[in-house]
Amino acid sequence: MTADDSFGRLDDDDYPAYTMGRAAEMLNTTQGFLRAIGEARLITPLRSAGGHRRYSRYQLRIAARARELVDGGTPIEAACRIVILEDQLEEAQRINAENQRDTEPPGMPTSA
């Protein structure tokens, strides 16, 4: 991958552009927190050629939501489970809305 390819992927939510240190800084948390949510299998960062963790923007949003719950007093394992369920629900709702649009006869008003 060339530098030009890398710059083009920075808009990709799934591109692992952030180091652990930068991710922790952006989330105003510790690297230990990122390791803990990784151990709880909330997110699995990709590894660089040198073995360093790299995080995507999508993973940072997930981590930020977990951090919000933990800051509110939720144990980390429970926070991770809640975030996983929220993410699954959002995906199911998206799929349901797509399926609903696909099955509506032409000319029917869509429900909001």
# chains A, B, ... in the order shown; residues from 1 in each chain; ligands from 1
>>> select_by_dssp(residues="chain A", states="strand (DSSP E or B)", output="number ranges by chain")
A: 18-19, 46-47, 53-55
>>> closest_atom_pairs(of="range 29-77 of chain A", to="range 81-88 of chain A", cutoff="8 Å", atoms="only C-alpha atoms", output="CSV")
residue,atom,partner,partner_atom,distance
A:Leu42,CA,A:Ile84,CA,6.8
A:Ile62,CA,A:Val83,CA,7.0
A:Arg65,CA,A:Val83,CA,6.9
A:Ala66,CA,A:Val83,CA,6.4
A:Glu77,CA,A:Arg81,CA,6.4
>>> closest_residue(among="A:Leu27, A:Ala40, A:Leu34, A:Ala97", to="Glu68 in chain A", atoms="only C-alpha atoms")
A:Leu27
>>> closest_residue(among="A:Gly38, A:Gly21, A:Pro105, A:Pro16", to="Ile76 in chain A", atoms="only C-alpha atoms")
A:Gly38
>>> select_by_dssp(residues="chain A", states="alpha helix (DSSP H)", output="count of residues only")
67
>>> closest_atom_pairs(of="range 40-109 of chain A", to="range 22-26 of chain A", cutoff="9 Å", atoms="only C-alpha atoms", output="Markdown table")
| residue | atom | partner | partner_atom | distance |
| --- | --- | --- | --- | --- |
| A:Arg54 | CA | A:Ala23 | CA | 8.5 |
| A:Tyr55 | CA | A:Ala23 | CA | 7.0 |
| A:Ser56 | CA | A:Ala23 | CA | 8.9 |
| A:Leu60 | CA | A:Ala23 | CA | 7.0 |
>>> write_last_selection(atoms="C-alpha atoms", output="short mmCIF file (atom, residue, chain, number, x, y, z; two decimals), in the first residue's frame")
data_model
loop_
_atom_site.label_atom_id
_atom_site.label_comp_id
_atom_site.auth_asym_id
_atom_site.auth_seq_id
_atom_site.Cartn_x
_atom_site.Cartn_y
_atom_site.Cartn_z
CA ARG A 54 -4.45 0.12 15.39
CA TYR A 55 -8.01 1.38 15.81
CA SER A 56 -10.62 2.54 13.31
CA LEU A 60 -13.36 4.50 18.61
#
